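Structure data follow from input_7.txt (compact mmCIF, C-alpha atoms and all ligand atoms):
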```
# COMPACT_ATOMS: atom_id res chain seq x y z
CA MET A 4 9.58 -15.71 -30.65
CA ILE A 5 5.91 -15.12 -31.38
CA ASN A 6 5.17 -13.88 -34.92
CA ASP A 7 8.82 -12.86 -35.35
CA GLN A 8 8.75 -10.81 -32.16
CA LYS A 9 10.92 -11.36 -29.11
CA ILE A 10 9.07 -11.80 -25.84
CA CYS A 11 8.87 -9.54 -22.81
CA PHE A 12 7.37 -10.59 -19.45
CA SER A 13 6.95 -8.84 -16.13
CA GLY A 14 4.66 -8.92 -13.12
CA VAL A 15 3.49 -6.83 -10.18
CA GLN A 16 2.03 -8.14 -6.93
CA PRO A 17 -1.43 -6.85 -5.95
CA SER A 18 -0.28 -6.88 -2.34
CA GLY A 19 -0.58 -3.23 -1.38
CA ASN A 20 -1.09 0.21 -2.82
CA LEU A 21 1.39 0.65 -5.63
CA THR A 22 4.11 3.24 -5.12
CA ILE A 23 6.08 5.60 -7.33
CA GLY A 24 8.89 3.02 -6.94
CA ASN A 25 6.71 0.45 -8.74
CA TYR A 26 5.81 3.12 -11.28
CA LEU A 27 9.28 4.51 -12.04
CA GLY A 28 11.18 1.24 -11.67
CA ALA A 29 8.76 -0.94 -13.58
CA ILE A 30 5.23 -0.13 -14.80
CA ARG A 31 6.07 3.16 -16.54
CA ASN A 32 8.74 1.36 -18.57
CA PHE A 33 6.55 -1.56 -19.62
CA SER A 34 4.98 0.30 -22.55
CA ASN A 35 8.48 0.96 -24.01
CA TYR A 36 8.52 -2.70 -25.02
CA SER A 37 5.01 -2.91 -26.48
CA ASP A 38 5.97 -2.16 -30.08
CA ALA A 39 9.13 -4.20 -30.50
CA TYR A 40 8.20 -7.17 -28.30
CA LYS A 41 5.26 -9.47 -27.69
CA CYS A 42 4.52 -8.45 -24.09
CA PHE A 43 2.90 -10.32 -21.21
CA TYR A 44 2.20 -8.32 -18.05
CA CYS A 45 0.80 -10.32 -15.20
CA VAL A 46 -0.92 -9.42 -11.92
CA VAL A 47 0.84 -11.98 -9.73
CA ASP A 48 -1.82 -12.77 -7.12
CA GLN A 49 -0.29 -16.17 -6.28
CA HIS A 50 2.93 -14.46 -5.23
CA ALA A 51 0.97 -12.12 -2.97
CA ILE A 52 -0.27 -14.92 -0.67
CA THR A 53 3.24 -15.73 0.55
CA VAL A 54 2.36 -12.99 3.06
CA ARG A 55 -1.13 -13.06 4.66
CA GLN A 56 -3.67 -11.03 2.72
CA VAL A 57 -7.19 -9.92 3.59
CA PRO A 58 -9.25 -11.70 0.88
CA ALA A 59 -11.48 -8.72 0.03
CA GLU A 60 -8.42 -6.48 -0.31
CA LEU A 61 -6.56 -8.93 -2.48
CA ARG A 62 -9.62 -9.15 -4.75
CA ARG A 63 -9.94 -5.35 -4.96
CA ARG A 64 -6.24 -4.84 -5.60
CA THR A 65 -6.21 -7.44 -8.35
CA TYR A 66 -8.74 -5.34 -10.28
CA GLU A 67 -6.87 -2.16 -9.37
CA THR A 68 -3.51 -3.45 -10.56
CA LEU A 69 -4.98 -4.47 -13.90
CA ALA A 70 -6.62 -1.03 -14.19
CA LEU A 71 -3.32 0.64 -13.31
CA TYR A 72 -1.50 -1.28 -16.01
CA MET A 73 -3.92 0.17 -18.52
CA ALA A 74 -3.95 3.63 -16.92
CA CYS A 75 -0.15 3.70 -17.24
CA GLY A 76 -0.49 3.28 -20.98
CA LEU A 77 -0.54 -0.47 -21.57
CA ASP A 78 -2.98 -1.06 -24.39
CA PRO A 79 -4.67 -4.46 -23.90
CA GLU A 80 -4.84 -4.86 -27.67
CA LYS A 81 -1.04 -4.72 -27.90
CA ASN A 82 -0.10 -6.38 -24.59
CA THR A 83 -1.40 -9.51 -22.92
CA LEU A 84 -2.61 -8.31 -19.50
CA TYR A 85 -3.85 -11.02 -17.17
CA VAL A 86 -4.06 -12.48 -13.67
CA GLN A 87 -1.61 -15.22 -12.68
CA SER A 88 -4.13 -17.54 -10.96
CA HIS A 89 -6.25 -17.57 -14.15
CA VAL A 90 -3.49 -19.52 -15.89
CA PRO A 91 -2.90 -22.75 -13.93
CA ALA A 92 0.22 -23.55 -15.96
CA HIS A 93 2.16 -21.11 -13.71
CA ALA A 94 1.62 -23.26 -10.63
CA GLU A 95 2.16 -26.48 -12.59
CA LEU A 96 5.50 -25.39 -14.01
CA GLY A 97 6.36 -23.90 -10.62
CA TRP A 98 6.14 -27.35 -9.05
CA ILE A 99 8.28 -28.90 -11.75
CA LEU A 100 10.96 -26.23 -11.43
CA ASN A 101 11.01 -26.75 -7.64
CA CYS A 102 12.61 -30.06 -8.48
CA PHE A 103 15.36 -28.27 -10.42
CA THR A 104 16.17 -25.60 -7.84
CA MET A 105 18.55 -26.13 -4.96
CA PHE A 106 17.83 -25.38 -1.32
CA GLY A 107 21.15 -23.52 -1.11
CA GLU A 108 20.24 -21.27 -4.04
CA LEU A 109 16.95 -20.25 -2.45
CA SER A 110 18.61 -19.69 0.92
CA ARG A 111 20.82 -17.03 -0.65
CA MET A 112 17.94 -14.87 -1.92
CA THR A 113 18.11 -11.51 -0.16
CA GLN A 114 14.36 -10.91 -0.47
CA PHE A 115 13.69 -14.19 1.37
CA LYS A 116 16.09 -13.23 4.14
CA ASP A 117 14.50 -9.82 4.42
CA LYS A 118 10.85 -10.98 4.29
CA SER A 119 11.42 -13.90 6.65
CA SER A 120 12.87 -11.57 9.25
CA ARG A 121 9.94 -9.15 8.84
CA HIS A 122 7.33 -11.94 8.99
CA ALA A 123 9.07 -14.19 11.51
CA ASP A 124 5.73 -15.71 12.60
CA ASN A 125 4.98 -16.93 9.09
CA VAL A 126 8.12 -18.15 7.33
CA ASN A 127 6.15 -20.49 5.07
CA ALA A 128 7.48 -22.70 2.29
CA GLY A 129 5.87 -20.46 -0.34
CA LEU A 130 7.95 -17.52 0.82
CA PHE A 131 11.03 -19.67 0.38
CA THR A 132 10.13 -21.05 -3.07
CA TYR A 133 8.68 -17.77 -4.33
CA PRO A 134 11.57 -17.24 -6.82
CA VAL A 135 10.77 -20.63 -8.39
CA LEU A 136 7.21 -19.54 -9.15
CA MET A 137 8.68 -16.33 -10.55
CA ALA A 138 10.99 -18.41 -12.77
CA ALA A 139 7.96 -20.38 -13.97
CA ASP A 140 6.14 -17.12 -14.82
CA ILE A 141 9.04 -16.02 -16.97
CA LEU A 142 10.00 -19.33 -18.60
CA LEU A 143 6.44 -20.32 -19.55
CA TYR A 144 6.43 -17.63 -22.23
CA GLN A 145 9.93 -18.28 -23.62
CA THR A 146 10.73 -14.78 -22.42
CA ASP A 147 13.72 -12.84 -23.80
CA VAL A 148 13.57 -9.76 -21.56
CA VAL A 149 12.25 -9.01 -18.07
CA PRO A 150 11.91 -5.30 -17.20
CA THR A 151 12.03 -4.80 -13.40
CA GLY A 152 13.52 -2.67 -10.69
CA VAL A 153 16.94 -3.66 -9.39
CA ASP A 154 15.50 -5.55 -6.38
CA GLN A 155 14.28 -8.34 -8.71
CA LYS A 156 17.60 -8.81 -10.51
CA GLN A 157 18.75 -11.62 -8.23
CA HIS A 158 15.51 -13.52 -8.90
CA VAL A 159 15.89 -13.16 -12.67
CA GLU A 160 19.47 -14.40 -12.39
CA LEU A 161 18.26 -17.47 -10.49
CA CYS A 162 15.65 -17.99 -13.22
CA ARG A 163 18.46 -18.00 -15.79
CA ASP A 164 20.35 -20.63 -13.77
CA ILE A 165 17.25 -22.83 -13.52
CA ALA A 166 16.61 -22.51 -17.28
CA GLU A 167 20.21 -23.36 -18.13
CA ARG A 168 20.17 -26.35 -15.78
CA PHE A 169 16.96 -27.71 -17.31
CA ASN A 170 18.21 -27.07 -20.87
CA GLN A 171 21.40 -28.93 -20.11
CA ILE A 172 19.57 -32.02 -18.86
CA TYR A 173 16.74 -32.11 -21.42
CA SER A 174 18.26 -30.08 -24.33
CA GLY A 175 16.99 -26.65 -25.40
CA THR A 176 13.61 -26.19 -23.74
CA PHE A 177 13.57 -22.65 -22.37
CA THR A 178 14.77 -19.31 -23.68
CA VAL A 179 17.23 -17.89 -21.15
CA PRO A 180 15.92 -14.39 -20.23
CA GLU A 181 17.82 -11.14 -19.69
CA PRO A 182 16.94 -8.76 -16.84
CA MET A 183 16.23 -5.23 -18.16
CA ILE A 184 16.87 -2.86 -15.28
CA SER A 185 15.90 0.71 -16.11
CA GLN A 186 18.76 3.13 -15.62
CA SER A 187 16.96 6.00 -13.96
CA GLY A 188 14.29 4.69 -11.58
CA LYS A 189 15.73 1.30 -10.76
CA LYS A 190 15.71 1.87 -7.00
CA ILE A 191 13.55 4.61 -5.54
CA MET A 192 14.25 4.99 -1.83
CA SER A 193 12.00 5.59 1.18
CA LEU A 194 11.34 9.27 1.94
CA ALA A 195 11.75 8.62 5.67
CA GLU A 196 14.81 6.36 5.56
CA PRO A 197 16.55 7.05 2.24
CA THR A 198 18.98 4.13 2.59
CA LYS A 199 15.99 1.74 2.38
CA LYS A 200 13.97 0.88 -0.74
CA MET A 201 10.56 2.53 -1.03
CA SER A 202 8.19 -0.35 -0.42
CA LYS A 203 4.40 -0.75 -0.62
CA SER A 204 4.52 -2.73 2.62
CA ASP A 205 6.18 0.08 4.60
CA GLU A 206 4.19 0.80 7.76
CA ASN A 207 4.98 4.50 7.67
CA PRO A 208 2.74 6.06 4.97
CA ASN A 209 4.93 9.18 4.92
CA ALA A 210 7.88 7.10 3.70
CA VAL A 211 6.01 6.17 0.55
CA VAL A 212 4.30 8.09 -2.25
CA TYR A 213 1.49 6.04 -3.73
CA ILE A 214 0.54 6.33 -7.39
CA LEU A 215 -2.99 7.18 -6.28
CA ASP A 216 -2.11 9.82 -3.65
CA ASP A 217 -3.74 13.20 -4.31
CA LYS A 218 -1.68 16.29 -5.10
CA ASP A 219 -1.77 17.79 -1.58
CA THR A 220 -0.71 14.50 -0.02
CA ILE A 221 2.12 14.08 -2.51
CA ILE A 222 3.45 17.59 -1.87
CA ARG A 223 3.12 17.17 1.91
CA LYS A 224 5.04 13.87 1.82
CA PHE A 225 7.86 15.32 -0.25
CA ARG A 226 8.05 18.38 2.01
CA ARG A 227 8.54 16.05 4.99
CA ALA A 228 11.16 13.92 3.23
CA VAL A 229 14.33 13.34 5.26
CA THR A 230 17.34 15.20 3.82
CA ASP A 231 20.56 16.45 5.47
CA SER A 232 21.99 19.50 7.19
CA ASP A 233 23.62 20.84 4.03
CA THR A 234 21.52 23.39 2.09
CA CYS A 235 22.73 22.90 -1.43
CA VAL A 236 20.85 20.74 -3.98
CA ARG A 237 23.61 18.57 -5.39
CA PHE A 238 24.07 14.88 -6.10
CA ALA A 239 26.85 13.59 -3.86
CA GLU A 240 27.90 10.69 -1.72
CA GLY A 241 26.30 10.68 1.73
CA LYS A 242 23.36 12.82 0.60
CA ASP A 243 20.97 9.87 0.27
CA GLY A 244 17.78 11.85 0.81
CA ILE A 245 18.65 14.58 -1.70
CA ASN A 246 20.05 12.03 -4.18
CA ASN A 247 16.73 10.17 -4.03
CA LEU A 248 14.68 13.35 -4.53
CA MET A 249 16.93 14.37 -7.44
CA THR A 250 16.49 10.92 -8.97
CA ILE A 251 12.70 11.21 -8.69
CA TYR A 252 12.77 14.74 -10.14
CA SER A 253 14.98 13.53 -12.97
CA CYS A 254 12.65 10.59 -13.74
CA PHE A 255 9.64 12.88 -14.01
CA THR A 256 11.30 15.75 -15.93
CA GLY A 257 13.98 13.98 -17.97
CA LYS A 258 16.54 16.50 -16.64
CA THR A 259 20.09 15.43 -15.81
CA MET A 260 21.58 15.83 -12.33
CA GLU A 261 23.69 18.78 -13.56
CA GLU A 262 20.63 20.52 -14.97
CA ILE A 263 18.80 20.02 -11.67
CA GLU A 264 21.75 21.37 -9.68
CA ARG A 265 21.79 24.48 -11.91
CA GLU A 266 18.02 24.94 -11.69
CA PHE A 267 18.09 24.98 -7.88
CA ASP A 268 21.37 26.81 -7.47
CA GLY A 269 20.94 29.33 -4.63
CA LYS A 270 17.53 27.93 -3.65
CA GLY A 271 16.84 26.01 -0.45
CA TYR A 272 15.64 22.46 0.12
CA GLY A 273 12.09 23.72 0.76
CA ASP A 274 11.69 25.04 -2.80
CA PHE A 275 13.26 21.92 -4.25
CA LYS A 276 11.02 19.53 -2.29
CA THR A 277 7.89 21.42 -3.38
CA ALA A 278 9.08 21.28 -6.99
CA VAL A 279 9.59 17.49 -6.76
CA GLY A 280 6.06 17.14 -5.34
CA GLU A 281 4.62 19.30 -8.13
CA VAL A 282 6.22 17.39 -11.02
CA CYS A 283 5.29 14.07 -9.45
CA ALA A 284 1.65 15.05 -8.83
CA ASP A 285 1.32 16.56 -12.32
CA ALA A 286 2.72 13.43 -13.97
CA LEU A 287 0.43 11.15 -11.99
CA ALA A 288 -2.77 13.21 -12.47
CA PRO A 289 -3.62 11.80 -15.93
CA VAL A 290 -2.83 8.25 -14.75
CA GLN A 291 -5.18 8.72 -11.79
CA ALA A 292 -7.98 10.12 -13.97
CA ARG A 293 -7.74 7.24 -16.42
CA PHE A 294 -7.53 4.75 -13.53
CA ALA A 295 -10.79 6.05 -12.03
CA GLN A 296 -12.57 5.62 -15.38
CA LEU A 297 -11.25 2.11 -15.89
CA LEU A 298 -12.06 0.98 -12.37
CA ALA A 299 -15.64 2.24 -12.67
CA ASP A 300 -16.18 -0.19 -15.55
CA LYS A 301 -15.87 -3.56 -13.82
CA ALA A 302 -17.40 -5.45 -16.74
CA GLY A 303 -14.83 -3.88 -19.07
CA LEU A 304 -11.99 -4.94 -16.78
CA GLU A 305 -13.37 -8.45 -16.53
CA ALA A 306 -13.58 -8.69 -20.31
CA GLN A 307 -9.88 -7.75 -20.50
CA MET A 308 -9.04 -10.23 -17.75
CA LYS A 309 -10.74 -13.02 -19.66
CA LYS A 310 -9.13 -12.11 -22.97
CA GLY A 311 -5.70 -11.91 -21.30
CA ALA A 312 -6.17 -15.26 -19.55
CA ASP A 313 -7.13 -16.96 -22.82
CA GLU A 314 -4.15 -15.51 -24.69
CA ALA A 315 -1.65 -16.26 -21.95
CA SER A 316 -3.00 -19.80 -21.44
CA TYR A 317 -2.49 -20.60 -25.09
CA TYR A 318 1.26 -19.83 -24.98
CA ALA A 319 1.74 -21.17 -21.46
CA ARG A 320 0.21 -24.56 -22.32
CA LYS A 321 2.55 -24.92 -25.28
CA THR A 322 5.65 -24.62 -23.09
CA LEU A 323 4.15 -26.71 -20.30
CA SER A 324 3.30 -29.58 -22.71
CA LYS A 325 6.84 -29.49 -24.08
CA VAL A 326 8.26 -29.68 -20.55
CA GLN A 327 5.93 -32.49 -19.48
CA LYS A 328 6.84 -34.52 -22.54
CA LYS A 329 10.55 -34.08 -21.91
CA LEU A 330 10.14 -35.18 -18.30
CA GLY A 331 8.32 -38.38 -19.31
CA PHE A 332 4.83 -37.50 -18.06
CA VAL A 333 2.15 -39.50 -19.87
CA PRO A 334 -0.40 -37.21 -21.58
CA VAL A 335 -4.10 -37.85 -20.91
CA PRO A 336 -5.02 -40.56 -23.45
CA ARG A 337 -7.39 -39.31 -26.13
CA GLY A 338 -10.95 -40.58 -26.61
P1 LIG B 401 6.80 -6.16 -6.76
O1 LIG B 401 5.33 -6.33 -6.83
O2 LIG B 401 7.43 -6.04 -5.42
O3 LIG B 401 7.23 -4.87 -7.58
C1 LIG B 401 6.79 -4.67 -8.91
C2 LIG B 401 7.89 -4.01 -9.70
O4 LIG B 401 8.25 -2.76 -9.11
C3 LIG B 401 9.67 -2.71 -8.91
N1 LIG B 401 9.93 -1.92 -7.69
C4 LIG B 401 10.75 -0.87 -7.63
N2 LIG B 401 11.52 -0.28 -8.54
C5 LIG B 401 12.25 0.80 -8.15
N3 LIG B 401 12.24 1.30 -6.90
C6 LIG B 401 11.49 0.73 -5.93
N4 LIG B 401 11.48 1.23 -4.70
C7 LIG B 401 10.70 -0.42 -6.27
N5 LIG B 401 9.84 -1.21 -5.59
C8 LIG B 401 9.39 -2.14 -6.46
C9 LIG B 401 10.09 -4.17 -8.75
O5 LIG B 401 11.45 -4.34 -9.05
C10 LIG B 401 9.18 -4.85 -9.74
O6 LIG B 401 9.72 -4.77 -11.05
N6 LIG B 401 8.63 -10.74 -7.62
C11 LIG B 401 8.08 -9.54 -8.24
C12 LIG B 401 6.86 -9.80 -9.06
C13 LIG B 401 7.02 -10.88 -10.09
C14 LIG B 401 7.75 -10.76 -11.30
C15 LIG B 401 7.60 -12.02 -11.94
C16 LIG B 401 8.50 -9.74 -11.87
C17 LIG B 401 6.50 -12.12 -10.03
N7 LIG B 401 6.83 -12.82 -11.15
C18 LIG B 401 8.21 -12.28 -13.17
C19 LIG B 401 9.11 -9.99 -13.11
C20 LIG B 401 8.96 -11.26 -13.73
C21 LIG B 401 7.73 -8.54 -7.15
O7 LIG B 401 7.53 -8.88 -6.02
O8 LIG B 401 7.55 -7.29 -7.60
```

Can you dump the structure from the file as structure tokens?
Ligand code: TYM
Amino acid sequence: MINDQKICFSGVQPSGNLTIGNYLGAIRNFSNYSDAYKCFYCVVDQHAITVRQVPAELRRRTYETLALYMACGLDPEKNTLYVQSHVPAHAELGWILNCFTMFGELSRMTQFKDKSSRHADNVNAGLFTYPVLMAADILLYQTDVVPTGVDQKQHVELCRDIAERFNQIYSGTFTVPEPMISQSGKKIMSLAEPTKKMSKSDENPNAVVYILDDKDTIIRKFRRAVTDSDTCVRFAEGKDGINNLMTIYSCFTGKTMEEIEREFDGKGYGDFKTAVGEVCADALAPVQARFAQLLADKAGLEAQMKKGADEASYYARKTLSKVQKKLGFVPVPRG
């Protein structure tokens, strides 16, 4: 608790152009917590280097991700917005928690299995221990809730296990967090292969709609989306492509699946795909406009970065000191 408020934490990697999956599954929902919770939203640049990054791009995307947080409605006065590497306590607690996480637990992480097969030439230790750093991010702030898409649920569950293990050995140290998986946009699928998650690292740009794509591009991508040989817009098993488009349409309009089926009754897939593109582009237009303004003001972004780092460091150091004391680390002697 901070000032009688429960705590919310989440993070996004600045490792590629953010997609409507990141938006609908995570970032758009972050502001729902801003009033009732004390919120920390982090740009997790240290996570991004588990896969090779071009330094100039990582730098640019770090600014962009912070700007997108704000463009998506996160007020920096109400939320602590900051960059992970600016708060060294993340890496420090990460190391400590490595010593409380089992090899077998990390071996079972599906994201590790997936990423290590996609980057077989660089299966580094950081990729393997990535969920431990993620646990440190969350536990440093005594977090109660973690809003994410469904793909991060397994990592939050591991974080709970690590917290419970530590608490059992050293008595209550960490709050045990709950994953908060949004109902509607928890797993947006690829437009090209709708059984696969939409991912910012997908090599096929037509599989992915980026938050910053312009209207024509968005409509073109939706019009090319893979569907099926049926012609009727309905949500049903085996219709992965249409189910995904209906989910996206529902997220942007608030309409239920039944309402969408009725709206497109008697119309073809072509009309439906254009309509999905239109609602998506129209919803993203104000975010894009605000993003452009924010990004143009680098000094403004840096001021927010600094303020966020100071705020986050204050709370992070408190937890880290508590942990270090429990472990038996000697504090730096005063004077
Ligand atoms: P990342 O950067 O891959 O994704 C950021 C957020 O977007 C969600 N997401 C999706 N949701 C729905 N459909 C999709 N296709 C989709 N793709 C991505 C993710 O679930 C995530 O919420 N490990 C995290 C970052 C992280 C973190 C944390 C998150 C680091 N520390 C602590 C929460 C708490 C990651 O790689 O997210």

Counting all atoms listed in the file, note down every residue that has an atom within 8 Å of the point (13.1, 8.4, 4.8) (file coordinates), as a compact mmCIF listing (two decimals) with C-alpha atoms, keeping the file's coordinate frame.
```txt
# COMPACT_ATOMS: atom_id res chain seq x y z
CA MET A 192 14.25 4.99 -1.83
CA SER A 193 12.00 5.59 1.18
CA LEU A 194 11.34 9.27 1.94
CA ALA A 195 11.75 8.62 5.67
CA GLU A 196 14.81 6.36 5.56
CA PRO A 197 16.55 7.05 2.24
CA THR A 198 18.98 4.13 2.59
CA LYS A 199 15.99 1.74 2.38
CA ALA A 210 7.88 7.10 3.70
CA ALA A 228 11.16 13.92 3.23
CA VAL A 229 14.33 13.34 5.26
CA GLY A 244 17.78 11.85 0.81
```

Which residues, written as a list of chain:residue names, have at least one atom at most 8 Å from Phe255 of chain A, with all atoms listed in the file counted and residues fewer than 6 positions away on the same chain left out?
->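 Within the cut-off, the hits are A:Val282, A:Cys283, A:Ala286.
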
Any chance you can output those residues with C-alpha atoms as an mmCIF file, keeping the file's coordinate frame?
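Below is the file again25.cif, written as the result:
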```
data_model
loop_
_atom_site.group_PDB
_atom_site.id
_atom_site.type_symbol
_atom_site.label_atom_id
_atom_site.label_comp_id
_atom_site.auth_asym_id
_atom_site.auth_seq_id
_atom_site.Cartn_x
_atom_site.Cartn_y
_atom_site.Cartn_z
ATOM 1 C CA VAL A 282 6.220 17.390 -11.020
ATOM 2 C CA CYS A 283 5.290 14.070 -9.450
ATOM 3 C CA ALA A 286 2.720 13.430 -13.970
#
```

Give me the residues within 10 Å of Tyr213 of chain A as a ChimeraX atom specification, counting only C-alpha atoms and dropping any in the same chain fewer than 3 places off.
-> /A:19-26,202-203,208-210,216-217,220-221,287

Fewer than 4 positions away in the same chain doesn't count, so skip those; otherwise give me all residues within 9 Å of Leu143 of chain A, counting all atoms listed in the file, as a list in words.
->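 Neighbouring residues, sequence-local ones excluded: Ala92, His93, Leu96, Ala138, Ala139, Phe177, Tyr318, Ala319, Arg320, Lys321, Thr322 and Leu323 of chain A.
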
Atomic separation - atom CA of Leu161 of chain A relative to atom CA of Ile191 of chain A, Å =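 Separation between atom CA of Ile191 of chain A and atom CA of Leu161 of chain A: 23.1 Å.
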
Within 8 Å of ligand LIG 401 (chain B) (only C-alpha atoms and all ligand atoms), residues as a PDB file with C-alpha atoms, in the coordinates of the input:
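Contents of part-v1.pdb, freshly written:
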```pdb
ATOM      1  CA  PHE A  12       7.370 -10.590 -19.450  1.00  0.00           C
ATOM      2  CA  SER A  13       6.950  -8.840 -16.130  1.00  0.00           C
ATOM      3  CA  GLY A  14       4.660  -8.920 -13.120  1.00  0.00           C
ATOM      4  CA  VAL A  15       3.490  -6.830 -10.180  1.00  0.00           C
ATOM      5  CA  GLN A  16       2.030  -8.140  -6.930  1.00  0.00           C
ATOM      6  CA  PRO A  17      -1.430  -6.850  -5.950  1.00  0.00           C
ATOM      7  CA  SER A  18      -0.280  -6.880  -2.340  1.00  0.00           C
ATOM      8  CA  THR A  22       4.110   3.240  -5.120  1.00  0.00           C
ATOM      9  CA  ILE A  23       6.080   5.600  -7.330  1.00  0.00           C
ATOM     10  CA  GLY A  24       8.890   3.020  -6.940  1.00  0.00           C
ATOM     11  CA  ASN A  25       6.710   0.450  -8.740  1.00  0.00           C
ATOM     12  CA  TYR A  26       5.810   3.120 -11.280  1.00  0.00           C
ATOM     13  CA  LEU A  27       9.280   4.510 -12.040  1.00  0.00           C
ATOM     14  CA  GLY A  28      11.180   1.240 -11.670  1.00  0.00           C
ATOM     15  CA  ALA A  29       8.760  -0.940 -13.580  1.00  0.00           C
ATOM     16  CA  ILE A  30       5.230  -0.130 -14.800  1.00  0.00           C
ATOM     17  CA  CYS A  45       0.800 -10.320 -15.200  1.00  0.00           C
ATOM     18  CA  VAL A  47       0.840 -11.980  -9.730  1.00  0.00           C
ATOM     19  CA  HIS A  50       2.930 -14.460  -5.230  1.00  0.00           C
ATOM     20  CA  ALA A  51       0.970 -12.120  -2.970  1.00  0.00           C
ATOM     21  CA  TYR A 133       8.680 -17.770  -4.330  1.00  0.00           C
ATOM     22  CA  PRO A 134      11.570 -17.240  -6.820  1.00  0.00           C
ATOM     23  CA  LEU A 136       7.210 -19.540  -9.150  1.00  0.00           C
ATOM     24  CA  MET A 137       8.680 -16.330 -10.550  1.00  0.00           C
ATOM     25  CA  ALA A 138      10.990 -18.410 -12.770  1.00  0.00           C
ATOM     26  CA  ASP A 140       6.140 -17.120 -14.820  1.00  0.00           C
ATOM     27  CA  ILE A 141       9.040 -16.020 -16.970  1.00  0.00           C
ATOM     28  CA  VAL A 149      12.250  -9.010 -18.070  1.00  0.00           C
ATOM     29  CA  PRO A 150      11.910  -5.300 -17.200  1.00  0.00           C
ATOM     30  CA  THR A 151      12.030  -4.800 -13.400  1.00  0.00           C
ATOM     31  CA  GLY A 152      13.520  -2.670 -10.690  1.00  0.00           C
ATOM     32  CA  VAL A 153      16.940  -3.660  -9.390  1.00  0.00           C
ATOM     33  CA  ASP A 154      15.500  -5.550  -6.380  1.00  0.00           C
ATOM     34  CA  GLN A 155      14.280  -8.340  -8.710  1.00  0.00           C
ATOM     35  CA  LYS A 156      17.600  -8.810 -10.510  1.00  0.00           C
ATOM     36  CA  HIS A 158      15.510 -13.520  -8.900  1.00  0.00           C
ATOM     37  CA  VAL A 159      15.890 -13.160 -12.670  1.00  0.00           C
ATOM     38  CA  GLY A 188      14.290   4.690 -11.580  1.00  0.00           C
ATOM     39  CA  LYS A 189      15.730   1.300 -10.760  1.00  0.00           C
ATOM     40  CA  LYS A 190      15.710   1.870  -7.000  1.00  0.00           C
ATOM     41  CA  ILE A 191      13.550   4.610  -5.540  1.00  0.00           C
ATOM     42  CA  MET A 192      14.250   4.990  -1.830  1.00  0.00           C
ATOM     43  CA  SER A 193      12.000   5.590   1.180  1.00  0.00           C
ATOM     44  CA  LYS A 200      13.970   0.880  -0.740  1.00  0.00           C
ATOM     45  CA  MET A 201      10.560   2.530  -1.030  1.00  0.00           C
ATOM     46  CA  SER A 202       8.190  -0.350  -0.420  1.00  0.00           C
ATOM     47  CA  LYS A 203       4.400  -0.750  -0.620  1.00  0.00           C
TER      48      LYS A 203
END
```

For Val236 of chain A, list every protein, DNA or RNA residue within 9 Å, evaluated using only C-alpha atoms, and leave out those in the same chain fewer than 2 positions away; present the list as a compact mmCIF listing (two decimals) with C-alpha atoms, in the frame of the given file.
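Result file is part_6.txt:
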```txt
# COMPACT_ATOMS: atom_id res chain seq x y z
CA ASP A 233 23.62 20.84 4.03
CA THR A 234 21.52 23.39 2.09
CA PHE A 238 24.07 14.88 -6.10
CA ILE A 245 18.65 14.58 -1.70
CA ASN A 246 20.05 12.03 -4.18
CA MET A 249 16.93 14.37 -7.44
CA ILE A 263 18.80 20.02 -11.67
CA GLU A 264 21.75 21.37 -9.68
CA ARG A 265 21.79 24.48 -11.91
CA PHE A 267 18.09 24.98 -7.88
CA ASP A 268 21.37 26.81 -7.47
CA GLY A 269 20.94 29.33 -4.63
CA LYS A 270 17.53 27.93 -3.65
CA GLY A 271 16.84 26.01 -0.45
CA TYR A 272 15.64 22.46 0.12
CA PHE A 275 13.26 21.92 -4.25
```

Quick one: everything within 10 Å of Gly76 of chain A, counting all atoms listed in the file, minus sequence neighbours fewer than 5 positions away in the same chain. Send it as a ChimeraX atom specification.
-> /A:30-35,37,71,290,293

Mind dumping a table of every segment 128-186 of chain A residue within 7 Å of segment 102-124 of chain A, with the nearest atom pair and its distance in Å to one decimal, using all atoms listed in the file, sorted by chain and rising number, as JSON lines?
```
{"residue": "A:Leu130", "atom": "CA", "partner": "A:Phe115", "partner_atom": "CA", "distance": 6.7}
{"residue": "A:Phe131", "atom": "CA", "partner": "A:Phe115", "partner_atom": "CA", "distance": 6.2}
{"residue": "A:Thr132", "atom": "CA", "partner": "A:Leu109", "partner_atom": "CA", "distance": 6.9}
{"residue": "A:Ile165", "atom": "CA", "partner": "A:Thr104", "partner_atom": "CA", "distance": 6.4}
```

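Checking A:Phe332, A:Tyr317, A:Tyr36, A:Phe43 one by one against Thr146 of chain A, counting all atoms listed in the file, you find the shortest gap at A:Phe43.
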
Just give me the gap between atom CA of Thr176 of chain A and atom CA of Lys309 of chain A in Å, one decimal is fine.
->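 Answer for the atom CA of Thr176 of chain A to atom CA of Lys309 of chain A separation: 28.0 Å.
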
Using the structure just given, write a file holding C-alpha atoms for segment 211-222 of chain A, as a compact mmCIF listing (two decimals), in the first residue's frame.
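Dumped to decode-v3.txt:
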```
# COMPACT_ATOMS: atom_id res chain seq x y z
CA VAL A 211 0.70 -7.08 -37.60
CA VAL A 212 -1.09 -3.75 -37.21
CA TYR A 213 1.15 -1.24 -35.50
CA ILE A 214 -0.27 1.47 -33.25
CA LEU A 215 1.48 4.03 -35.46
CA ASP A 216 0.35 2.68 -38.86
CA ASP A 217 -1.54 5.25 -40.95
CA LYS A 218 -5.19 4.77 -41.87
CA ASP A 219 -4.58 3.46 -45.42
CA THR A 220 -2.04 0.93 -44.18
CA ILE A 221 -4.37 -0.25 -41.42
CA ILE A 222 -7.28 -0.73 -43.82
```
